[in-house]
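Source file: work.cif; contents: mmCIF, C-alpha atoms and all ligand atoms.
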```cif
data_protein
loop_
_atom_site.label_atom_id
_atom_site.label_comp_id
_atom_site.auth_asym_id
_atom_site.auth_seq_id
_atom_site.Cartn_x
_atom_site.Cartn_y
_atom_site.Cartn_z
CA MET A 267 92.86 9.22 -58.76
CA LYS A 268 92.66 12.28 -56.51
CA LYS A 269 89.95 11.97 -53.89
CA LEU A 270 87.90 15.06 -54.70
CA GLY A 271 85.04 14.84 -57.20
CA PHE A 272 83.15 17.75 -58.76
CA GLY A 273 79.41 17.47 -58.07
CA LEU A 274 77.44 19.18 -60.84
CA MET A 275 74.16 19.70 -58.96
CA ARG A 276 74.60 23.22 -57.56
CA LEU A 277 76.08 25.09 -60.51
CA PRO A 278 75.87 28.88 -60.84
CA CYS A 279 72.77 29.92 -62.79
CA LYS A 280 71.50 33.04 -64.48
CA SER A 281 67.87 32.34 -63.57
CA SER A 282 66.16 31.19 -60.40
CA ASP A 283 64.65 28.03 -61.96
CA GLY A 284 68.12 26.45 -62.05
CA LYS A 285 67.97 25.70 -65.77
CA ASP A 286 69.92 28.61 -67.23
CA ILE A 287 73.39 27.55 -66.13
CA ASP A 288 76.14 30.14 -66.39
CA LEU A 289 78.45 28.24 -68.77
CA GLU A 290 81.19 30.85 -68.67
CA ARG A 291 81.54 30.59 -64.91
CA VAL A 292 81.27 26.79 -64.97
CA SER A 293 84.02 26.63 -67.62
CA GLU A 294 86.29 28.68 -65.38
CA MET A 295 85.52 26.35 -62.45
CA VAL A 296 86.11 23.09 -64.33
CA ASP A 297 89.30 24.44 -65.93
CA LYS A 298 90.69 25.21 -62.49
CA PHE A 299 89.66 21.78 -61.19
CA LEU A 300 91.23 19.90 -64.13
CA SER A 301 94.39 22.03 -64.17
CA ARG A 302 95.17 20.91 -60.62
CA GLY A 303 95.05 17.21 -61.55
CA PHE A 304 91.46 16.35 -60.54
CA THR A 305 89.41 14.27 -62.97
CA TYR A 306 86.14 12.99 -61.47
CA PHE A 307 82.77 14.62 -62.28
CA ASP A 308 79.35 13.59 -61.03
CA THR A 309 76.03 14.50 -62.57
CA ALA A 310 72.57 12.90 -62.92
CA TYR A 311 69.70 12.86 -65.38
CA VAL A 312 67.65 15.04 -63.03
CA TYR A 313 70.19 17.66 -61.92
CA HIS A 314 69.23 21.19 -62.96
CA GLY A 315 66.24 19.76 -64.82
CA GLY A 316 68.59 17.93 -67.21
CA PHE A 317 70.79 20.95 -67.93
CA SER A 318 73.63 19.78 -65.69
CA GLU A 319 74.47 17.05 -68.22
CA VAL A 320 74.28 19.59 -71.04
CA ALA A 321 76.54 22.00 -69.14
CA PHE A 322 79.06 19.20 -68.65
CA ARG A 323 79.13 18.59 -72.42
CA GLU A 324 79.56 22.28 -73.20
CA CYS A 325 82.15 23.07 -70.53
CA VAL A 326 84.15 19.84 -70.30
CA VAL A 327 83.50 17.41 -73.16
CA LYS A 328 83.80 20.01 -75.93
CA ARG A 329 86.79 21.74 -74.34
CA HIS A 330 88.99 19.00 -72.88
CA PRO A 331 90.43 15.70 -74.14
CA ARG A 332 88.38 12.61 -73.28
CA ASP A 333 91.21 11.00 -71.31
CA SER A 334 91.48 14.00 -68.96
CA PHE A 335 88.17 13.39 -67.14
CA THR A 336 85.79 10.72 -65.90
CA ILE A 337 82.04 11.22 -65.77
CA THR A 338 79.31 9.62 -63.68
CA THR A 339 75.63 9.97 -64.34
CA LYS A 340 72.59 8.22 -62.95
CA LEU A 341 69.47 6.44 -64.13
CA PRO A 342 66.41 7.76 -62.26
CA LEU A 343 63.79 5.24 -61.23
CA PHE A 344 61.53 7.82 -59.55
CA SER A 345 58.91 7.60 -62.33
CA LYS A 346 59.09 3.78 -62.40
CA PRO A 347 60.23 3.46 -66.03
CA ASP A 348 59.80 0.12 -67.81
CA ARG A 349 62.61 -1.30 -69.91
CA ALA A 350 61.84 0.96 -72.89
CA GLY A 351 61.65 3.92 -70.51
CA MET A 352 65.09 3.10 -69.09
CA GLU A 353 66.57 2.96 -72.58
CA LYS A 354 65.02 6.34 -73.35
CA LEU A 355 66.44 7.86 -70.15
CA PHE A 356 69.90 6.43 -70.81
CA ASN A 357 69.91 7.61 -74.42
CA GLU A 358 68.94 11.11 -73.34
CA SER A 359 71.81 11.24 -70.84
CA TYR A 360 74.15 9.80 -73.47
CA GLU A 361 73.22 12.47 -75.99
CA ARG A 362 73.23 15.32 -73.51
CA LEU A 363 76.71 14.36 -72.30
CA GLY A 364 78.10 13.90 -75.82
CA VAL A 365 80.57 11.16 -74.87
CA GLU A 366 81.19 7.79 -76.53
CA TYR A 367 81.11 5.99 -73.20
CA ILE A 368 80.11 6.85 -69.65
CA ASP A 369 82.74 5.94 -67.06
CA TYR A 370 80.38 5.26 -64.14
CA TYR A 371 76.63 4.73 -64.40
CA TRP A 372 74.55 4.41 -61.24
CA LEU A 373 70.95 3.58 -60.39
CA HIS A 374 69.89 6.78 -58.66
CA ALA A 375 68.96 6.94 -54.96
CA LEU A 376 68.07 3.33 -54.17
CA ASN A 377 66.17 2.62 -50.99
CA ARG A 378 64.13 -0.37 -49.85
CA ASP A 379 61.17 0.43 -52.12
CA SER A 380 63.06 1.54 -55.20
CA TYR A 381 65.35 -1.47 -54.85
CA ARG A 382 62.36 -3.76 -55.11
CA TYR A 383 61.28 -1.92 -58.23
CA ALA A 384 64.81 -1.99 -59.69
CA LYS A 385 64.98 -5.74 -59.22
CA ASP A 386 61.51 -6.47 -60.61
CA SER A 387 61.88 -4.15 -63.59
CA GLY A 388 65.26 -5.50 -64.71
CA ALA A 389 67.21 -2.28 -64.02
CA PHE A 390 70.28 -4.18 -62.81
CA ASP A 391 70.25 -6.36 -65.92
CA TYR A 392 69.98 -3.23 -68.02
CA LEU A 393 73.17 -1.87 -66.43
CA ARG A 394 74.89 -5.20 -67.14
CA GLU A 395 73.88 -5.00 -70.80
CA LEU A 396 75.13 -1.43 -71.10
CA LYS A 397 78.45 -2.49 -69.65
CA ALA A 398 78.75 -5.52 -71.95
CA ALA A 399 78.01 -3.22 -74.91
CA GLY A 400 80.80 -0.85 -73.84
CA LYS A 401 78.49 2.11 -73.35
CA ILE A 402 79.35 2.31 -69.66
CA ARG A 403 82.59 1.24 -67.99
CA HIS A 404 81.42 0.68 -64.42
CA MET A 405 78.05 0.18 -62.73
CA GLY A 406 76.74 0.76 -59.24
CA PHE A 407 74.11 2.73 -57.36
CA SER A 408 73.65 5.67 -55.06
CA PHE A 409 71.87 4.86 -51.85
CA HIS A 410 69.61 6.46 -49.21
CA ASP A 411 68.42 3.97 -46.63
CA ASN A 412 69.67 1.90 -43.71
CA ALA A 413 72.60 -0.50 -43.52
CA GLU A 414 70.36 -3.56 -43.46
CA THR A 415 68.89 -2.66 -46.85
CA LEU A 416 72.35 -1.92 -48.22
CA ASP A 417 73.57 -5.30 -47.05
CA LYS A 418 70.65 -7.00 -48.80
CA ILE A 419 71.32 -5.19 -52.09
CA LEU A 420 75.05 -5.90 -52.07
CA THR A 421 74.42 -9.55 -51.19
CA GLU A 422 71.85 -10.01 -53.97
CA GLN A 423 73.70 -7.91 -56.60
CA PRO A 424 77.35 -8.81 -55.97
CA ASP A 425 78.58 -7.52 -59.33
CA MET A 426 77.69 -3.91 -58.56
CA GLU A 427 81.14 -2.35 -58.44
CA PHE A 428 80.69 0.84 -56.44
CA VAL A 429 78.27 2.40 -54.02
CA GLN A 430 77.61 6.09 -53.45
CA LEU A 431 76.74 6.90 -49.83
CA GLN A 432 75.78 9.95 -47.78
CA ILE A 433 78.67 10.32 -45.34
CA ASN A 434 79.55 13.28 -43.16
CA TYR A 435 80.54 13.77 -39.56
CA LEU A 436 77.07 15.01 -38.61
CA ASP A 437 75.31 11.89 -39.95
CA TRP A 438 78.05 9.46 -38.88
CA GLU A 439 76.11 8.15 -35.88
CA ASP A 440 72.67 9.37 -36.99
CA GLY A 441 70.07 6.65 -36.51
CA GLY A 442 68.19 7.54 -39.71
CA VAL A 443 71.02 8.10 -42.18
CA GLN A 444 73.36 5.53 -40.57
CA SER A 445 76.49 6.86 -42.30
CA ARG A 446 78.89 4.73 -40.27
CA LEU A 447 76.89 1.54 -40.51
CA CYS A 448 76.35 1.94 -44.26
CA TYR A 449 80.05 2.67 -44.77
CA GLU A 450 81.03 -0.41 -42.76
CA THR A 451 78.59 -2.51 -44.79
CA ALA A 452 80.11 -1.37 -48.08
CA VAL A 453 83.60 -2.10 -46.76
CA LYS A 454 82.47 -5.56 -45.61
CA HIS A 455 81.36 -6.29 -49.17
CA GLY A 456 84.64 -4.95 -50.57
CA LYS A 457 82.98 -2.10 -52.49
CA PRO A 458 84.77 1.21 -53.02
CA VAL A 459 82.69 4.11 -51.70
CA ILE A 460 81.91 7.41 -53.40
CA VAL A 461 80.81 9.92 -50.80
CA MET A 462 77.96 12.39 -51.37
CA GLU A 463 76.83 15.20 -49.09
CA PRO A 464 80.12 15.42 -47.11
CA VAL A 465 79.17 18.98 -46.11
CA LYS A 466 75.50 18.10 -45.49
CA GLY A 467 74.13 20.38 -48.17
CA GLY A 468 76.36 23.25 -47.01
CA ALA A 469 75.36 23.10 -43.33
CA LEU A 470 78.86 22.05 -42.24
CA ALA A 471 80.42 24.92 -44.17
CA ASN A 472 78.58 27.33 -41.85
CA PRO A 473 78.28 25.58 -38.50
CA PRO A 474 77.16 27.31 -35.30
CA LYS A 475 79.62 29.84 -33.84
CA LYS A 476 80.80 27.45 -31.13
CA VAL A 477 81.85 24.82 -33.68
CA GLU A 478 83.31 27.41 -36.03
CA LYS A 479 85.55 28.65 -33.21
CA LEU A 480 86.63 25.12 -32.37
CA LEU A 481 87.66 24.49 -35.97
CA LYS A 482 89.39 27.86 -36.36
CA ASP A 483 91.33 27.30 -33.14
CA ALA A 484 92.48 23.92 -34.48
CA ASP A 485 93.61 25.42 -37.81
CA PRO A 486 93.05 29.13 -38.52
CA GLU A 487 93.74 28.66 -42.25
CA ALA A 488 91.32 25.78 -42.87
CA SER A 489 87.73 26.43 -43.95
CA CYS A 490 84.94 24.72 -42.04
CA ALA A 491 83.97 22.89 -45.25
CA SER A 492 87.50 21.50 -45.58
CA TRP A 493 87.18 19.71 -42.24
CA ALA A 494 83.99 18.02 -43.42
CA VAL A 495 85.41 16.94 -46.78
CA ARG A 496 88.61 15.65 -45.18
CA PHE A 497 86.61 13.69 -42.60
CA ALA A 498 84.96 11.68 -45.38
CA ALA A 499 88.11 11.43 -47.51
CA SER A 500 90.09 10.03 -44.56
CA LEU A 501 88.02 6.86 -44.43
CA PRO A 502 89.83 3.85 -45.90
CA GLY A 503 87.96 2.49 -48.90
CA VAL A 504 86.59 5.88 -49.92
CA MET A 505 87.50 6.43 -53.57
CA VAL A 506 86.14 9.93 -54.10
CA VAL A 507 84.36 12.59 -52.06
CA LEU A 508 81.94 14.70 -54.07
CA SER A 509 81.58 18.39 -53.45
CA GLY A 510 78.75 20.24 -55.18
CA MET A 511 80.64 23.40 -56.07
CA SER A 512 78.81 26.63 -56.91
CA ASN A 513 81.56 29.18 -57.45
CA ILE A 514 85.26 29.53 -58.18
CA GLU A 515 86.06 30.30 -54.52
CA GLN A 516 84.74 26.90 -53.46
CA VAL A 517 86.78 25.21 -56.20
CA GLU A 518 89.93 27.03 -55.12
CA ASP A 519 89.39 26.16 -51.48
CA ASN A 520 88.66 22.49 -52.20
CA VAL A 521 91.59 21.90 -54.54
CA SER A 522 93.98 23.67 -52.14
CA TYR A 523 93.67 21.04 -49.40
CA MET A 524 92.76 18.04 -51.57
CA GLU A 525 95.67 18.45 -54.00
CA ASP A 526 98.10 16.86 -51.52
CA PHE A 527 95.49 15.30 -49.32
CA LYS A 528 96.44 14.59 -45.71
CA PRO A 529 94.03 12.33 -43.80
CA LEU A 530 92.77 13.51 -40.42
CA ASN A 531 94.42 12.00 -37.38
CA GLU A 532 92.41 10.24 -34.67
CA ASP A 533 92.25 13.34 -32.43
CA GLU A 534 90.90 15.46 -35.28
CA LYS A 535 88.24 12.86 -36.12
CA ALA A 536 87.19 12.72 -32.47
CA MET A 537 86.98 16.53 -32.37
CA LEU A 538 84.56 16.57 -35.32
CA LEU A 539 82.40 13.77 -33.96
CA SER A 540 82.06 15.58 -30.66
CA ALA A 541 81.32 18.86 -32.52
CA ALA A 542 78.44 17.07 -34.27
CA GLU A 543 76.60 17.09 -30.94
CA ASP A 544 76.40 20.90 -31.22
CA ILE A 545 75.13 21.00 -34.80
CA LYS A 546 71.79 19.28 -34.81
CA LEU A 547 69.75 20.76 -37.65
CA ALA A 548 66.08 21.54 -37.06
CA ILE A 549 65.31 20.10 -40.52
CA PRO A 550 67.98 17.74 -41.93
CA CYS A 551 67.52 18.82 -45.55
CA THR A 552 70.59 18.39 -47.79
CA ALA A 553 69.40 20.85 -50.46
CA CYS A 554 69.53 18.19 -53.18
CA ARG A 555 66.44 19.83 -54.73
CA TYR A 556 64.89 16.54 -55.91
CA CYS A 557 61.61 17.79 -54.44
CA THR A 558 61.26 21.10 -56.23
CA ASP A 559 60.64 20.31 -59.91
CA GLY A 560 57.31 18.57 -59.38
CA CYS A 561 55.82 20.94 -56.80
CA PRO A 562 52.58 22.28 -58.29
CA MET A 563 52.77 25.35 -56.04
CA SER A 564 56.37 26.25 -57.02
CA ILE A 565 57.50 26.22 -53.42
CA LYS A 566 61.27 26.53 -52.97
CA ILE A 567 61.28 23.88 -50.28
CA PRO A 568 65.05 23.62 -49.54
CA ASP A 569 65.49 27.40 -49.51
CA ILE A 570 62.70 27.75 -46.96
CA PHE A 571 64.21 24.96 -44.85
CA ALA A 572 67.65 26.61 -45.00
CA ILE A 573 66.22 29.91 -43.73
CA TYR A 574 64.34 28.09 -40.99
CA ASN A 575 67.45 26.15 -39.92
CA THR A 576 69.50 29.34 -39.67
CA MET A 577 66.79 30.94 -37.56
CA LYS A 578 66.49 27.94 -35.24
CA ARG A 579 70.25 27.83 -34.77
CA ASP A 580 70.51 31.47 -33.92
CA LEU A 581 67.32 32.99 -32.54
CA HIS A 582 68.87 36.47 -32.80
CA LYS A 583 68.46 36.06 -36.55
CA LYS A 584 64.70 35.72 -36.41
CA TRP A 585 63.98 39.07 -38.08
CA GLU A 586 66.71 38.58 -40.63
CA ALA A 587 65.23 35.16 -41.44
CA ARG A 588 61.77 36.63 -41.84
CA GLU A 589 63.11 39.26 -44.22
CA LYS A 590 64.88 36.60 -46.27
CA TYR A 591 61.74 34.53 -46.40
CA ALA A 592 59.65 37.52 -47.51
CA GLU A 593 62.17 38.15 -50.28
CA LEU A 594 62.17 34.48 -51.36
CA ILE A 595 58.42 34.17 -51.73
CA LYS A 596 58.13 37.25 -53.94
CA GLU A 597 58.74 34.97 -56.94
CA SER A 598 57.84 31.53 -55.63
CA GLY A 599 55.25 29.71 -53.55
CA LYS A 600 54.81 30.42 -49.83
CA ALA A 601 55.22 27.65 -47.25
CA ASP A 602 51.49 27.76 -46.52
CA ASP A 603 50.61 27.41 -50.23
CA CYS A 604 51.34 23.69 -49.80
CA ILE A 605 48.34 21.56 -50.78
CA GLY A 606 49.71 18.35 -49.28
CA CYS A 607 49.92 16.44 -52.58
CA GLU A 608 53.07 14.69 -51.27
CA GLN A 609 54.86 14.65 -54.62
CA CYS A 610 57.87 16.05 -52.77
CA VAL A 611 57.68 13.47 -50.00
CA ASN A 612 58.07 10.66 -52.51
CA ALA A 613 61.06 12.40 -54.10
CA CYS A 614 62.91 13.21 -50.86
CA PRO A 615 65.84 10.85 -50.17
CA GLN A 616 65.92 12.07 -46.56
CA HIS A 617 62.31 10.92 -46.02
CA LEU A 618 61.29 14.32 -44.64
CA GLU A 619 57.63 15.01 -43.87
CA ILE A 620 57.75 18.11 -46.02
CA PRO A 621 54.13 19.36 -45.77
CA ARG A 622 54.25 19.20 -41.96
CA LEU A 623 57.64 20.88 -41.85
CA LEU A 624 56.49 23.62 -44.22
CA ALA A 625 53.60 24.31 -41.85
CA GLU A 626 56.11 24.76 -39.01
CA CYS A 627 58.22 27.07 -41.18
CA SER A 628 55.17 29.09 -42.11
CA ALA A 629 54.19 29.51 -38.46
CA ASP A 630 57.65 30.89 -37.55
CA LEU A 631 58.57 32.80 -40.67
CA SER A 632 55.34 34.49 -41.73
S1 LIG A 701 53.13 18.52 -50.73
FE1 LIG A 701 53.23 20.75 -50.80
S2 LIG A 701 55.39 21.22 -51.04
FE2 LIG A 701 55.12 19.06 -51.55
S3 LIG A 701 54.89 19.05 -53.79
FE3 LIG A 701 52.82 19.12 -52.90
S4 LIG A 701 52.34 21.31 -52.77
FE4 LIG A 701 54.55 21.18 -53.12
S1 LIG A 702 63.49 18.47 -48.75
FE1 LIG A 702 64.39 16.45 -49.27
S2 LIG A 702 64.33 16.36 -51.52
FE2 LIG A 702 64.00 18.51 -50.95
S3 LIG A 702 66.02 19.43 -51.05
FE3 LIG A 702 65.70 18.78 -48.92
S4 LIG A 702 66.58 16.71 -48.79
FE4 LIG A 702 66.34 17.19 -50.98
#
```

Taking this structure as input, can you express it in the form of structure tokens?
Ligand code: SF4
Ligand code: SF4
Amino acid sequence: MKKLGFGLMRLPCKSSDGKDIDLERVSEMVDKFLSRGFTYFDTAYVYHGGFSEVAFRECVVKRHPRDSFTITTKLPLFSKPDRAGMEKLFNESYERLGVEYIDYYWLHALNRDSYRYAKDSGAFDYLRELKAAGKIRHMGFSFHDNAETLDKILTEQPDMEFVQLQINYLDWEDGGVQSRLCYETAVKHGKPVIVMEPVKGGALANPPKKVEKLLKDADPEASCASWAVRFAASLPGVMVVLSGMSNIEQVEDNVSYMEDFKPLNEDEKAMLLSAAEDIKLAIPCTACRYCTDGCPMSIKIPDIFAIYNTMKRDLHKKWEAREKYAELIKESGKADDCIGCEQCVNACPQHLEIPRLLAECSADLS
């Protein structure tokens, strides 16, 4: 299998709530991806408020033969479903996708707390039953916590076949994300790795000028994003690197260098790891958008954080950032509308203190 996977969490939309996906544009994107020999797609029950799975059915399942693609989706445990609730969630995904079987089915975003719940509620056994019944082909989990917790899960659940990890050159040595340590733990347990967030929610596609120059000097033709994807794909034991593609240009760029993938050499890897020192983000948000659906004040949290990060990286852009922020909040909540309910904090896989960070954004952007 080629090592690039199509992440279906940042699809082009016709409306700002992320639910009116532009199926014509997505069809063009998936056709290009499949025509170049790529097969792996990744979605989740929660992406685009459930419409990502529907878009996959409309653009891929109804338009391409079943043996030309593989599909992953994920069982959310955020609302602590009981066994009947899990069956309901699975059946909804199953119907939305419109396939007879799901190739890869993951428990979504395990960490220390949700692992405890998954174990106590029988979620792992539910995956085993689905596999025995032929409704899913492979089972595993996506993961957001430290290497010690990952080691515990893989030791206690040895039949989980794959693990999806956040790996990129910025987080490789990060003490919180622990990309390297988590990767090494998965390898120790002999589990193939699917990589998510290789471009850190887009941040590594637009790094600071100094890093951009370094990368362009090394290869004028290569995009900054390509360096980040290739860093993750070069790791032995990595099966697929997911890229959440939003337009045809991103698809064309990604397939161009992943079609005949060439791993980075040791000097190139060292260059990226040293560049990471110059890219510290003020707020390490990956724009996954898990926090936005339940916000009672309709605050576009990741969009505010992205504007704030750009401003902090380049103080000359302060006025531009303020203008962007003023535009953003015309149709959504302001940073200082936050009432501190912490719904978003519980949903955030990066464990960000969102209300406090929004207050900082408000102070600088208002
Ligand atoms: S804490 Fe603030 S930002 Fe988070 S969900 Fe509640 S109101 Fe929205
Ligand atoms: S704040 Fe957290 S949950 Fe929200 S988009 Fe960023 S990383 Fe995802």

message: Taking all atoms listed in the file and a cut-off of 8 Å, can you tell me which residues surround ligand LIG 702 (chain A), written as number ranges by chain?
response: A: 550-558, 567-568, 571, 610-611, 613-618, 620

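Distances from A:Asp283, A:Glu586, A:Glu608, A:Glu414 to Cys561 (chain A) were compared using all atoms listed in the file, and the smallest one belongs to A:Glu608.
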
Let me have the centre and edge lengths in Å, one decimal, of the box along x, y and z around every listed atom of region 463-477 of chain A with 8 Å of margin on each side, as AutoDock Vina command-line options.
```
--center_x 78.0 --center_y 22.5 --center_z -40.1 --size_x 23.7 --size_y 30.6 --size_z 34.0
```

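Here the question is which of A:Gly456, A:Gly400, A:Gly442, A:Gly303 gets nearest to Asp417 (chain A) using all atoms listed in the file, and that residue is A:Gly456.
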
message: Give me, as a PyMOL selection string, the set of residues whose atoms come within 6 Å of any atom of ligand LIG 701 (chain A), counting all atoms listed in the file.
response: chain A and resi 561-563+565+604-610+621

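Pairwise distance (CA of Gly284 (chain A), CA of Gly599 (chain A)) equals 15.8 Å.
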
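Note that CA of Tyr367 (chain A) and CA of Lys401 (chain A) are 4.7 Å apart.
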
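Computed from the coordinates, the CA of Val443 (chain A) to CA of Tyr311 (chain A) distance equals 23.7 Å.
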
query: Which neighbours of region 446-449 of chain A fall inside 7 Å, counting all atoms listed in the file, when residues of the same chain fewer than 4 positions from it are skipped, and could you give them as a VMD selection string?
result: chain A and resid 412 to 413 416 438 to 439 453

message: List as a PyMOL selection string the residues having at least one atom at most 12 Å from position (76.2, 17.0, -48.9) as given in the file, counting all atoms listed in the file.
response: chain A and resi 273+275-276+430-437+461-471+491+494-495+498+507-511+550-555+616
